[in-house]
$ cat final-v9.cif   # mmCIF, C-alpha atoms
data_model
loop_
_atom_site.label_atom_id
_atom_site.label_comp_id
_atom_site.auth_asym_id
_atom_site.auth_seq_id
_atom_site.Cartn_x
_atom_site.Cartn_y
_atom_site.Cartn_z
CA MET A 4 -77.58 93.30 90.36
CA ALA A 5 -74.26 93.95 88.69
CA PRO A 6 -71.66 95.55 90.94
CA ALA A 7 -71.41 99.30 90.56
CA ARG A 8 -68.22 100.54 88.96
CA THR A 9 -66.92 104.03 89.34
CA GLY A 10 -63.81 105.47 87.95
CA ARG A 11 -61.97 108.56 86.92
CA ARG A 12 -59.43 108.58 84.15
CA LEU A 13 -57.72 111.85 83.60
CA ASN A 14 -56.76 113.02 80.19
CA PRO A 15 -52.97 112.50 80.19
CA GLU A 16 -52.47 116.04 78.95
CA GLU A 17 -54.68 117.38 81.70
CA ASP A 18 -52.68 115.39 84.22
CA VAL A 19 -49.14 116.09 83.13
CA VAL A 20 -49.46 119.69 82.13
CA GLY A 21 -51.33 120.36 85.31
CA GLY A 22 -52.82 123.73 84.52
CA SER A 23 -50.72 126.84 84.93
CA ILE A 24 -48.70 126.05 88.07
CA LEU A 25 -46.23 123.58 86.54
CA PRO A 26 -44.95 125.94 83.81
CA LEU A 27 -44.37 128.54 86.52
CA VAL A 28 -42.47 126.05 88.70
CA ALA A 29 -40.37 124.94 85.71
CA PHE A 30 -39.59 128.56 84.84
CA VAL A 31 -38.53 129.40 88.42
CA LEU A 32 -36.40 126.24 88.51
CA LEU A 33 -34.62 127.06 85.27
CA VAL A 34 -34.00 130.66 86.36
CA ALA A 35 -32.52 129.43 89.67
CA ILE A 36 -30.22 127.02 87.88
CA ALA A 37 -29.23 129.66 85.33
CA VAL A 38 -28.28 132.03 88.17
CA ALA A 39 -26.28 129.21 89.85
CA VAL A 40 -24.45 128.40 86.59
CA LEU A 41 -23.60 132.08 86.06
CA ALA A 42 -22.38 132.32 89.66
CA VAL A 43 -20.20 129.24 89.14
CA VAL A 44 -18.56 130.30 85.89
CA SER A 45 -17.95 133.87 87.09
CA THR A 46 -16.09 132.72 90.21
CA PRO A 47 -12.96 134.88 90.49
CA SER A 48 -9.55 133.32 89.93
CA PRO A 49 -7.05 133.20 92.79
CA ALA A 50 -3.77 135.01 92.36
CA THR A 51 -0.76 133.13 91.05
CA SER A 52 1.86 132.25 93.64
CA ASP A 53 5.31 130.71 93.29
CA GLY A 54 6.67 127.79 95.22
CA ASP A 55 8.33 128.77 98.49
CA ASP A 56 11.59 127.00 97.78
CA GLY A 57 12.30 128.56 94.41
CA ARG A 58 11.97 125.23 92.57
CA ALA A 59 9.57 124.54 89.73
CA ASP A 60 6.86 123.41 92.11
CA PRO A 61 3.34 122.85 90.84
CA GLN A 62 1.35 126.05 91.06
CA PRO A 63 -2.04 126.58 92.64
CA LEU A 64 -4.95 125.99 90.34
CA LEU A 65 -5.36 128.69 87.70
CA GLY A 66 -1.77 129.78 88.34
CA ALA A 67 -0.51 127.63 85.48
CA PRO A 68 -1.78 128.34 81.94
CA SER A 69 -2.77 124.70 81.47
CA ALA A 70 -4.82 124.88 84.67
CA ARG A 71 -6.56 128.04 83.52
CA ARG A 72 -7.36 126.28 80.25
CA ALA A 73 -8.78 123.30 82.17
CA ARG A 74 -10.98 125.55 84.31
CA ARG A 75 -12.25 127.35 81.18
CA HIS A 76 -13.03 124.00 79.58
CA LEU A 77 -14.96 122.88 82.66
CA ASP A 78 -16.98 126.12 82.74
CA ARG A 79 -17.79 125.94 79.01
CA VAL A 80 -19.00 122.35 79.38
CA THR A 81 -21.13 123.36 82.39
CA VAL A 82 -22.79 126.24 80.51
CA LEU A 83 -23.34 124.12 77.39
CA ALA A 84 -24.76 121.23 79.42
CA TRP A 85 -27.29 123.45 81.24
CA LEU A 86 -28.22 125.30 78.04
CA THR A 87 -28.92 121.86 76.54
CA PHE A 88 -30.95 121.03 79.65
CA ALA A 89 -33.03 124.21 79.28
CA ALA A 90 -33.50 123.84 75.51
CA ALA A 91 -34.48 120.18 75.85
CA THR A 92 -36.95 121.12 78.60
CA GLY A 93 -38.62 123.62 76.26
CA VAL A 94 -38.71 121.19 73.34
CA SER A 95 -40.15 118.39 75.48
CA TRP A 96 -42.79 120.78 76.81
CA LEU A 97 -43.87 121.59 73.25
CA LEU A 98 -43.86 117.89 72.40
CA VAL A 99 -46.13 117.13 75.35
CA LEU A 100 -48.54 119.89 74.32
CA ASP A 101 -48.45 118.76 70.71
CA THR A 102 -48.85 115.03 71.34
CA GLY A 103 -52.32 113.55 71.55
CA PRO A 104 -53.00 110.27 73.34
CA GLY A 105 -49.34 109.49 74.10
CA ALA A 106 -48.64 112.76 75.94
CA GLY A 107 -48.47 111.05 79.33
CA LEU A 108 -45.68 108.74 78.26
CA VAL A 109 -43.81 111.59 76.53
CA ALA A 110 -44.05 113.68 79.71
CA ALA A 111 -42.93 110.76 81.87
CA LEU A 112 -39.86 110.13 79.73
CA ALA A 113 -39.00 113.81 79.24
CA PRO A 114 -36.72 114.22 82.32
CA ALA A 115 -34.71 111.12 81.42
CA ALA A 116 -34.37 112.27 77.80
CA ILE A 117 -33.26 115.73 78.97
CA GLY A 118 -30.83 114.11 81.39
CA THR A 119 -29.40 111.89 78.68
CA LEU A 120 -28.62 114.93 76.51
CA PHE A 121 -27.16 116.76 79.54
CA LEU A 122 -24.92 113.78 80.33
CA LEU A 123 -23.87 113.38 76.68
CA VAL A 124 -22.59 116.98 76.73
CA HIS A 125 -20.58 116.16 79.87
CA LEU A 126 -19.34 112.96 78.22
CA LEU A 127 -18.13 115.00 75.25
CA GLY A 128 -16.51 117.44 77.67
CA GLU A 129 -14.56 114.66 79.36
CA ILE A 130 -13.49 113.13 76.04
CA THR A 131 -12.16 116.52 74.90
CA TRP A 132 -10.53 117.36 78.27
CA PRO A 133 -7.19 119.17 77.67
CA ARG A 134 -4.31 116.73 77.50
CA PRO A 135 -0.75 117.45 78.62
CA ASP A 136 1.25 118.76 75.68
CA GLY A 137 4.37 120.34 77.16
CA PRO A 138 7.85 118.81 76.99
CA VAL A 139 7.81 118.08 80.74
CA ARG A 140 4.94 115.95 82.04
CA ARG A 141 4.06 115.48 85.70
CA ALA A 142 1.84 112.99 87.47
CA THR A 143 1.17 111.75 90.96
CA LEU A 144 1.91 108.17 91.92
CA ARG A 145 -1.13 108.06 94.18
CA HIS A 146 -3.84 105.68 93.06
CA ARG A 147 -6.95 107.70 92.28
CA GLN A 148 -10.30 106.20 93.18
CA ALA A 149 -13.88 107.22 92.59
CA ARG A 150 -14.39 107.92 96.30
CA HIS A 151 -11.67 110.62 96.13
CA VAL A 152 -13.61 112.39 93.38
CA ILE A 153 -17.31 111.89 94.04
CA GLY A 154 -18.92 113.68 96.97
CA THR A 155 -20.48 111.16 99.36
CA GLY A 156 -23.55 113.23 100.24
CA LEU A 157 -24.51 113.95 96.64
CA ALA A 158 -23.88 110.33 95.59
CA VAL A 159 -25.98 108.98 98.48
CA TRP A 160 -28.81 111.40 97.66
CA ALA A 161 -28.75 110.46 93.96
CA GLY A 162 -28.66 106.76 94.89
CA THR A 163 -31.62 107.24 97.24
CA LEU A 164 -33.62 108.97 94.51
CA GLY A 165 -32.83 106.17 92.07
CA THR A 166 -33.84 103.54 94.61
CA VAL A 167 -37.12 105.33 95.44
CA LEU A 168 -37.90 105.67 91.74
CA VAL A 169 -37.19 102.03 90.89
CA ALA A 170 -39.01 100.72 93.98
CA THR A 171 -42.06 102.88 93.21
CA LEU A 172 -42.15 101.79 89.57
CA LEU A 173 -41.89 98.10 90.53
CA ALA A 174 -44.65 98.52 93.12
CA THR A 175 -46.96 100.37 90.73
CA GLY A 176 -46.15 97.91 87.94
CA PHE A 177 -47.31 94.96 90.04
CA THR A 178 -50.38 96.71 91.46
CA ALA A 179 -51.74 98.26 88.26
CA ASP A 180 -54.62 96.92 86.19
CA ALA A 181 -53.93 94.61 83.27
CA ASP A 182 -53.67 97.52 80.81
CA GLY A 183 -50.90 99.06 82.91
CA ARG A 184 -52.49 102.51 82.92
CA ALA A 185 -54.88 102.46 85.87
CA VAL A 186 -55.33 101.07 89.37
CA SER A 187 -58.52 99.60 90.82
CA ARG A 188 -60.11 98.82 94.16
CA THR A 189 -62.88 96.25 94.29
CA TRP A 190 -65.41 95.33 96.95
CA PRO A 191 -68.38 92.97 96.85
CA ALA A 192 -70.82 95.63 95.76
CA GLY A 193 -68.66 97.42 93.24
CA SER A 194 -65.25 98.72 92.26
CA SER A 195 -63.39 101.91 91.68
CA SER A 196 -60.70 102.65 89.13
CA ALA A 197 -58.42 105.63 88.58
CA GLY A 198 -55.71 106.62 86.18
CA PRO A 199 -53.28 107.47 84.85
CA TYR A 200 -51.25 105.14 87.05
CA PRO A 201 -47.67 104.09 86.33
CA GLY A 202 -48.29 100.41 85.59
CA TRP A 203 -46.06 98.48 83.21
CA HIS A 204 -47.24 100.61 80.27
CA TYR A 205 -45.32 103.52 81.84
CA ALA A 206 -43.00 101.66 84.21
CA VAL A 207 -41.11 99.57 81.64
CA PRO A 208 -40.01 102.55 79.48
CA LEU A 209 -39.30 104.57 82.64
CA LEU A 210 -37.15 101.81 84.12
CA GLY A 211 -35.25 101.57 80.83
CA ALA A 212 -34.76 105.34 80.66
CA THR A 213 -33.63 105.45 84.30
CA ALA A 214 -31.10 102.69 83.58
CA VAL A 215 -29.71 104.74 80.69
CA VAL A 216 -29.34 107.82 82.92
CA VAL A 217 -27.67 105.83 85.72
CA LEU A 218 -25.26 104.03 83.36
CA LEU A 219 -24.37 107.26 81.55
CA THR A 220 -23.77 109.01 84.89
CA GLY A 221 -21.45 106.18 85.95
CA LEU A 222 -19.57 106.36 82.66
CA VAL A 223 -19.06 110.13 82.86
CA LEU A 224 -17.92 109.92 86.50
CA ARG A 225 -15.46 107.17 85.55
CA LEU A 226 -14.03 109.44 82.86
CA VAL A 227 -13.73 112.24 85.43
CA VAL A 228 -11.65 109.92 87.63
CA LEU A 229 -9.48 108.71 84.74
CA ARG A 230 -8.97 111.94 82.79
CA ALA A 231 -5.52 113.49 82.47
CA ALA A 232 -4.24 115.43 85.47
CA VAL A 233 -3.98 119.19 85.03
CA ASP A 234 -0.36 119.73 84.13
CA GLY A 235 1.46 122.01 86.53
CA ALA A 236 -1.25 122.15 89.21
CA HIS A 237 -1.02 120.92 92.78
CA GLU A 238 -2.38 117.41 93.24
CA GLU A 239 -5.01 118.78 95.64
CA ASP A 240 -6.08 121.39 93.09
CA ASP A 241 -6.38 118.75 90.40
CA LEU A 242 -8.52 116.68 92.77
CA ALA A 243 -10.64 119.76 93.53
CA LEU A 244 -11.25 120.23 89.82
CA ARG A 245 -12.28 116.58 89.50
CA ARG A 246 -14.61 116.89 92.51
CA SER A 247 -16.10 119.98 90.94
CA SER A 248 -16.72 118.10 87.68
CA GLY A 249 -18.22 115.16 89.57
CA ALA A 250 -20.53 117.47 91.54
CA ARG A 251 -21.74 119.22 88.37
CA VAL A 252 -22.51 115.89 86.69
CA LEU A 253 -24.29 114.55 89.76
CA ALA A 254 -26.22 117.82 90.22
CA GLY A 255 -27.90 117.28 86.85
CA ALA A 256 -28.27 113.51 87.20
CA GLN A 257 -29.96 113.71 90.60
CA LEU A 258 -32.25 116.47 89.31
CA VAL A 259 -33.38 114.20 86.47
CA LEU A 260 -33.97 111.30 88.87
CA GLY A 261 -35.72 113.63 91.32
CA LEU A 262 -38.06 115.10 88.71
CA THR A 263 -38.92 111.65 87.36
CA ALA A 264 -39.56 110.34 90.88
CA ALA A 265 -41.63 113.45 91.64
CA GLY A 266 -43.86 112.89 88.62
CA VAL A 267 -44.26 109.18 89.30
CA LEU A 268 -45.13 109.74 92.97
CA LEU A 269 -47.55 112.57 92.16
CA VAL A 270 -49.41 110.52 89.55
CA THR A 271 -49.38 107.41 91.74
CA GLY A 272 -50.59 109.32 94.79
CA SER A 273 -53.38 111.05 92.87
CA ALA A 274 -54.71 107.75 91.48
CA VAL A 275 -54.47 105.92 94.82
CA ARG A 276 -56.14 108.82 96.63
CA SER A 277 -58.90 108.86 94.05
CA ILE A 278 -59.83 105.18 94.48
CA GLY A 279 -59.53 105.54 98.26
CA LEU A 280 -61.99 108.43 98.33
CA THR A 281 -64.58 106.68 96.17
CA PRO A 282 -67.63 105.95 98.35
CA SER A 283 -68.16 102.20 98.70
CA GLY A 284 -71.68 102.45 100.02
CA ALA A 285 -73.19 101.48 103.35
CA GLY A 286 -71.34 98.52 104.91
CA GLY A 287 -68.60 98.64 102.29
CA PRO A 288 -64.88 98.66 103.17
CA SER A 289 -63.36 101.98 104.12
CA GLY A 290 -60.99 103.51 101.60
CA GLY A 291 -59.61 105.92 104.19
CA PRO A 292 -56.17 104.33 104.63
CA LEU A 293 -55.73 104.12 100.87
CA ALA A 294 -56.68 107.76 100.51
CA ALA A 295 -54.18 108.68 103.24
CA VAL A 296 -51.37 106.76 101.49
CA GLY A 297 -52.30 108.43 98.22
CA THR A 298 -52.22 111.88 99.82
CA VAL A 299 -48.79 111.23 101.34
CA LEU A 300 -47.42 110.01 98.00
CA ALA A 301 -48.94 112.94 96.12
CA LEU A 302 -47.32 115.38 98.57
CA ALA A 303 -44.00 113.50 98.64
CA GLY A 304 -43.63 113.85 94.85
CA PRO A 305 -43.43 117.66 94.65
CA ALA A 306 -41.37 117.74 97.87
CA ILE A 307 -38.77 115.44 96.30
CA GLY A 308 -38.76 117.43 93.08
CA LEU A 309 -38.28 120.70 94.94
CA THR A 310 -35.53 119.23 97.13
CA SER A 311 -33.72 117.94 94.04
CA ALA A 312 -33.86 121.41 92.50
CA VAL A 313 -32.42 122.98 95.66
CA VAL A 314 -29.71 120.29 95.83
CA ALA A 315 -28.79 121.00 92.18
CA VAL A 316 -28.42 124.72 92.81
CA VAL A 317 -26.42 124.20 96.04
CA ALA A 318 -24.15 121.60 94.39
CA LEU A 319 -23.48 123.93 91.47
CA VAL A 320 -22.61 126.89 93.69
CA ARG A 321 -20.38 124.74 95.90
CA SER A 322 -18.63 123.26 92.88
CA GLY A 323 -17.68 126.79 91.83
CA ALA A 324 -16.34 127.66 95.28
CA ARG A 325 -14.33 124.42 95.33
CA VAL A 326 -12.09 125.48 92.46
CA ALA A 327 -11.96 129.16 93.42
CA ALA A 328 -9.48 128.91 96.30
CA PRO A 329 -5.91 127.64 95.90
CA ALA A 330 -4.77 124.57 97.85
CA THR A 331 -2.70 126.68 100.17
CA VAL A 332 -5.77 128.26 101.73
CA ARG A 333 -8.28 125.45 101.24
CA GLY A 334 -9.19 123.46 104.31
CA MET B 20 4.30 114.81 100.51
CA SER B 21 2.97 112.43 97.88
CA ALA B 22 5.23 110.81 95.33
CA ARG B 23 5.22 112.50 91.96
CA LEU B 24 6.73 111.68 88.59
CA GLU B 25 8.26 114.11 86.16
CA VAL B 26 9.02 112.94 82.64
CA ASP B 27 11.08 115.17 80.35
CA LEU B 28 10.36 114.27 76.75
CA THR B 29 13.35 116.28 75.53
CA SER B 30 15.74 114.21 77.63
CA GLY B 31 17.90 111.58 75.98
CA VAL B 32 16.72 109.12 78.62
CA PRO B 33 13.69 107.11 77.40
CA ALA B 34 10.42 107.96 79.15
CA TYR B 35 9.97 104.42 80.50
CA GLU B 36 13.43 104.59 82.06
CA GLN B 37 12.66 107.95 83.69
CA ILE B 38 9.51 106.44 85.19
CA ARG B 39 11.37 103.35 86.40
CA THR B 40 14.21 105.25 88.04
CA GLN B 41 11.87 107.74 89.75
CA VAL B 42 9.69 104.99 91.19
CA VAL B 43 12.82 103.29 92.55
CA ALA B 44 13.96 106.64 93.95
CA HIS B 45 10.64 107.19 95.72
CA VAL B 46 10.84 103.69 97.23
CA ALA B 47 14.42 104.35 98.33
CA ALA B 48 13.41 107.66 99.92
CA GLY B 49 10.53 106.00 101.77
CA ARG B 50 7.85 108.02 100.01
CA LEU B 51 6.48 104.78 98.58
CA GLN B 52 6.22 101.90 101.02
CA THR B 53 5.36 98.23 100.90
CA GLY B 54 1.73 97.74 99.86
CA ASP B 55 1.28 101.26 98.44
CA ARG B 56 -0.85 101.04 95.34
CA LEU B 57 0.38 102.70 92.17
CA PRO B 58 -1.97 104.21 89.57
CA THR B 59 -3.14 101.91 86.81
CA ILE B 60 -1.09 101.88 83.63
CA ARG B 61 -3.91 103.61 81.77
CA ALA B 62 -4.37 106.32 84.41
CA LEU B 63 -0.66 107.09 84.62
CA ALA B 64 -0.30 107.10 80.84
CA THR B 65 -3.26 109.51 80.58
CA ASP B 66 -1.83 111.82 83.25
CA LEU B 67 1.56 111.90 81.55
CA GLY B 68 0.16 112.06 78.01
CA LEU B 69 2.20 108.99 77.06
CA ALA B 70 1.32 105.75 75.29
CA PRO B 71 0.14 103.06 77.73
CA GLY B 72 2.87 100.78 76.34
CA THR B 73 5.55 103.16 77.67
CA VAL B 74 4.18 102.99 81.21
CA ALA B 75 3.59 99.25 80.88
CA ARG B 76 7.25 98.71 80.00
CA ALA B 77 8.38 100.69 83.05
CA PHE B 78 6.06 98.68 85.30
CA ARG B 79 7.25 95.41 83.71
CA GLU B 80 10.88 96.26 84.43
CA LEU B 81 10.01 97.32 87.98
CA GLU B 82 8.27 93.98 88.47
CA LEU B 83 11.27 92.07 87.10
CA ALA B 84 13.49 93.96 89.56
CA GLY B 85 11.19 93.00 92.44
CA VAL B 86 10.20 96.61 93.20
CA VAL B 87 6.50 96.17 92.44
CA LEU B 88 3.99 93.36 92.27
CA THR B 89 1.01 93.23 89.95
CA ARG B 90 -2.05 91.49 91.31
CA ARG B 91 -5.27 90.91 89.46
CA ARG B 92 -7.46 92.45 92.17
CA SER B 93 -5.35 95.13 93.81
CA GLY B 94 -3.39 96.32 90.78
CA THR B 95 0.27 97.28 90.99
CA VAL B 96 1.65 97.65 94.51
CA ILE B 97 5.08 98.19 96.01
CA ALA B 98 6.52 94.76 96.76
CA ASP B 99 7.43 93.51 100.18
CA GLY B 100 11.21 93.56 100.45
CA ALA B 101 11.69 95.95 97.55
CA PRO B 102 15.40 96.72 97.36
CA VAL B 103 16.03 99.93 99.36
CA PRO B 104 19.23 101.40 100.74
CA VAL B 105 20.01 101.16 104.41
CA ASP B 106 18.63 103.90 106.63
CA ALA B 107 21.92 105.71 107.08
CA ALA B 108 22.47 106.04 103.33
CA ARG B 109 18.89 107.19 102.87
CA ALA B 110 19.26 109.83 105.55
CA ALA B 111 22.50 111.00 103.98
CA ALA B 112 20.82 111.21 100.55
CA ILE B 113 17.98 113.32 101.96
CA ALA B 114 20.45 115.61 103.71
CA TYR B 115 22.46 115.94 100.51
CA ALA B 116 19.37 116.76 98.46
CA ARG B 117 18.47 119.55 100.92
CA ALA B 118 22.01 120.90 100.84
CA ALA B 119 22.06 120.85 97.04
CA ARG B 120 18.78 122.76 96.89
CA ALA B 121 19.99 125.28 99.45
CA ALA B 122 23.06 125.82 97.27
CA GLY B 123 20.84 126.43 94.25
CA LEU B 124 22.05 123.40 92.31
CA SER B 125 19.88 121.96 89.56
CA ASP B 126 18.90 118.29 89.85
CA GLU B 127 21.32 117.38 87.07
CA ALA B 128 24.22 119.25 88.69
CA ALA B 129 23.50 117.60 92.04
CA LEU B 130 23.43 114.16 90.41
CA ASP B 131 26.71 114.91 88.60
CA LEU B 132 28.35 115.53 91.98
CA VAL B 133 27.04 112.19 93.27
CA ARG B 134 28.25 110.38 90.16
CA GLY B 135 31.65 111.97 90.63
CA ALA B 136 31.76 110.90 94.26
CA LEU B 137 30.84 107.35 93.31
CA LEU B 138 33.86 107.23 90.97
CA ASP B 139 36.24 107.67 93.91
#

$ encode --input "final-v9.cif" --output "structure tokens"
Amino acid sequence: MAPARTGRRLNPEEDVVGGSILPLVAFVLLVAIAVAVLAVVSTPSPATSDGDDGRADPQPLLGAPSARRARRHLDRVTVLAWLTFAAATGVSWLLVLDTGPGAGLVAALAPAAIGTLFLLVHLLGEITWPRPDGPVRRATLRHRQARHVIGTGLAVWAGTLGTVLVATLLATGFTADADGRAVSRTWPAGSSSAGPYPGWHYAVPLLGATAVVVLLTGLVLRLVVLRAAVDGAHEEDDLALRRSSGARVLAGAQLVLGLTAAGVLLVTGSAVRSIGLTPSGAGGPSGGPLAAVGTVLALAGPAIGLTSAVVAVVALVRSGARVAAPATVRG
Amino acid sequence: MSARLEVDLTSGVPAYEQIRTQVVAHVAAGRLQTGDRLPTIRALATDLGLAPGTVARAFRELELAGVVLTRRRSGTVIADGAPVPVDAARAAAIAYARAARAAGLSDEAALDLVRGALLD
């Protein structure tokens, strides 16, 4: 008797669009980020104060016209970058709905594509950062390093997300079926198969897209470190502005990595759970552990996505507060 | 207080010379010490809105004078044994700078007084 074979392959559209809950989640996420961006760019300016010794000391941030111009530039770039993020999210959603058999791959690559556009706006913002143009130019002689500019917590979180994503994609790539779209469990009397599953068919493009996002993030952060100092501002205020820029870039980058990881884990978990729950008949091996692993992965995905969204909102709000207070009162 | 540079493009003194003299002044005042790392040429040129060649020339002259060292890995650092005045002269210079500020003198006027004193 030929071994029995059971399997469940979801329509990619059915899987990625996920009924009516995902559009609602995406809408709530975008509204939360929009509120955070508005809160950031409407942060009040501190009052101008003069140096206490009567000399032409650097002024607190926003005290000098060039510093106000720099802050305006940063806020414009932030708004434009998140508008691009929202518009690209809408367009990719329509593309997923409009695409036939390849919808799964389009949906998988959508966060990275959105993130690339978001980062390109920030890249443009750094390239067009206001340059000193007055007759008297000032600069610090302190060597500026990336660790002075990039927040450790946010960088570690983004790095963790990237590592989880790459490790998951490598693991699913090696464990998938030959077609790279499904995963199977076999036992003497039969087998079970489920998909979609992020084998190499999905993992290779996703790894490439993730590499683009990571490299672009590194490039933009490098430009943040190297860009011209804000003429006439305290060194600490200039650093605060750089940290704010770095946080806003990382807020978007980690959200992209988080959403991609969330999708990959959710799809992986669903497929693994499905083959684990397939009855293997009397005396057959138990699929219970596999089903448990699949359930954990399927729950971890949305949890990571939600955490990334919260981190993005918190990082945005904090980045606004960072440049709101002058150095004299900042801890 | 961290060491800062101020370059006046309307001054008759070339920008590279202003950078050179101010770095030497910061070393003399003890604000820059042996091993302190200076910004890269590109970063300093970007901050000041100057051509990298201008900053590179200042750094080259500082290196020739033994004030800084350029290493492949650690960049440009203040050299060990960079020529600095003796402590007493440094203390006197700091005291004079404070007195000049208290009197409301501009930097140029204060330096004119020093130049005059050096002619004695």

$ resolve_selection --input "final-v9.cif" --expression "the PyMOL selection byres ((chain B and resi 64) around 12)" --output "PDB file with C-alpha atoms, in the coordinates of the input"
ATOM      1  CA  ARG A 134      -4.310 116.730  77.500  1.00  0.00           C
ATOM      2  CA  PRO A 135      -0.750 117.450  78.620  1.00  0.00           C
ATOM      3  CA  ARG A 140       4.940 115.950  82.040  1.00  0.00           C
ATOM      4  CA  ARG A 141       4.060 115.480  85.700  1.00  0.00           C
ATOM      5  CA  ALA A 142       1.840 112.990  87.470  1.00  0.00           C
ATOM      6  CA  THR A 143       1.170 111.750  90.960  1.00  0.00           C
ATOM      7  CA  LEU A 144       1.910 108.170  91.920  1.00  0.00           C
ATOM      8  CA  LEU A 229      -9.480 108.710  84.740  1.00  0.00           C
ATOM      9  CA  ARG A 230      -8.970 111.940  82.790  1.00  0.00           C
ATOM     10  CA  ALA A 231      -5.520 113.490  82.470  1.00  0.00           C
ATOM     11  CA  ALA A 232      -4.240 115.430  85.470  1.00  0.00           C
TER      12      ALA A 232
ATOM     13  CA  LEU B  24       6.730 111.680  88.590  1.00  0.00           C
ATOM     14  CA  VAL B  26       9.020 112.940  82.640  1.00  0.00           C
ATOM     15  CA  ALA B  34      10.420 107.960  79.150  1.00  0.00           C
ATOM     16  CA  TYR B  35       9.970 104.420  80.500  1.00  0.00           C
ATOM     17  CA  ILE B  38       9.510 106.440  85.190  1.00  0.00           C
ATOM     18  CA  PRO B  58      -1.970 104.210  89.570  1.00  0.00           C
ATOM     19  CA  THR B  59      -3.140 101.910  86.810  1.00  0.00           C
ATOM     20  CA  ILE B  60      -1.090 101.880  83.630  1.00  0.00           C
ATOM     21  CA  ARG B  61      -3.910 103.610  81.770  1.00  0.00           C
ATOM     22  CA  ALA B  62      -4.370 106.320  84.410  1.00  0.00           C
ATOM     23  CA  LEU B  63      -0.660 107.090  84.620  1.00  0.00           C
ATOM     24  CA  THR B  65      -3.260 109.510  80.580  1.00  0.00           C
ATOM     25  CA  ASP B  66      -1.830 111.820  83.250  1.00  0.00           C
ATOM     26  CA  LEU B  67       1.560 111.900  81.550  1.00  0.00           C
ATOM     27  CA  GLY B  68       0.160 112.060  78.010  1.00  0.00           C
ATOM     28  CA  LEU B  69       2.200 108.990  77.060  1.00  0.00           C
ATOM     29  CA  ALA B  70       1.320 105.750  75.290  1.00  0.00           C
ATOM     30  CA  PRO B  71       0.140 103.060  77.730  1.00  0.00           C
ATOM     31  CA  GLY B  72       2.870 100.780  76.340  1.00  0.00           C
ATOM     32  CA  THR B  73       5.550 103.160  77.670  1.00  0.00           C
ATOM     33  CA  VAL B  74       4.180 102.990  81.210  1.00  0.00           C
ATOM     34  CA  ALA B  75       3.590  99.250  80.880  1.00  0.00           C
ATOM     35  CA  ARG B  76       7.250  98.710  80.000  1.00  0.00           C
ATOM     36  CA  ALA B  77       8.380 100.690  83.050  1.00  0.00           C
ATOM     37  CA  PHE B  78       6.060  98.680  85.300  1.00  0.00           C
TER      38      PHE B  78
END

$ atom_distance --input "final-v9.cif" --atom1 "CA of Pro199 (chain A)" --atom2 "CA of Ser289 (chain A)"
22.4 Å

$ resolve_selection --input "final-v9.cif" --expression "the PyMOL selection byres ((chain A) within 12 of (chain B))" --output "PyMOL selection string"
chain A and resi 56-61+130+132-148+225-239+241

$ residues_around --input "final-v9.cif" --residues "Leu81 (chain B)" --least-positions-apart "2" --cutoff "10 Å" --atoms "all atoms listed in the file" --output "VMD selection string"
chain B and resid 36 38 to 40 42 to 43 75 to 79 83 to 88 97 to 98 101

$ residues_near_point --input "final-v9.cif" --point "(-36.2, 117.0, 94.1)" --cutoff "8 Å" --atoms "only C-alpha atoms" --output "JSON, numbers by chain"
{"A": [257, 258, 261, 262, 265, 305, 306, 307, 308, 309, 310, 311, 312, 313, 314]}

$ resolve_selection --input "final-v9.cif" --expression "the PyMOL selection byres ((chain A and resi 301) around 9)" --output "list of chain:residue names"
A:Ala265, A:Leu268, A:Leu269, A:Val270, A:Thr271, A:Gly272, A:Ser273, A:Arg276, A:Val296, A:Gly297, A:Thr298, A:Val299, A:Leu300, A:Leu302, A:Ala303, A:Gly304, A:Pro305

$ residues_around --input "final-v9.cif" --residues "region 149-152 of chain A" --least-positions-apart "3" --cutoff "8 Å" --atoms "only C-alpha atoms" --output "PyMOL selection string"
chain A and resi 155+224-225+227-228+242-243+245-246+249

$ atom_distance --input "final-v9.cif" --atom1 "CA of His76 (chain A)" --atom2 "CA of Val216 (chain A)"
23.2 Å

$ closest_residue --input "final-v9.cif" --among "A:Val80, A:Leu41, A:Ala174, A:Ala115" --to "Thr92 (chain A)" --atoms "only C-alpha atoms"
A:Ala115

$ atom_distance --input "final-v9.cif" --atom1 "CA of Ala106 (chain A)" --atom2 "CA of Ala181 (chain A)"
20.3 Å

$ residues_around --input "final-v9.cif" --residues "region 122-126 of chain A" --least-positions-apart "2" --cutoff "12 Å" --atoms "all atoms listed in the file" --output "JSON, numbers by chain"
{"A": [76, 77, 78, 79, 80, 81, 82, 83, 84, 85, 86, 87, 88, 114, 115, 116, 117, 118, 119, 120, 128, 129, 130, 131, 132, 215, 216, 217, 218, 219, 220, 221, 222, 223, 224, 225, 226, 227, 230, 248, 249, 250, 251, 252, 253, 254, 255, 256, 257, 258, 259]}

$ closest_residue --input "final-v9.cif" --among "A:Ala295, A:Leu260, A:Leu33, A:Ala274" --to "Ala161 (chain A)" --atoms "only C-alpha atoms"
A:Leu260
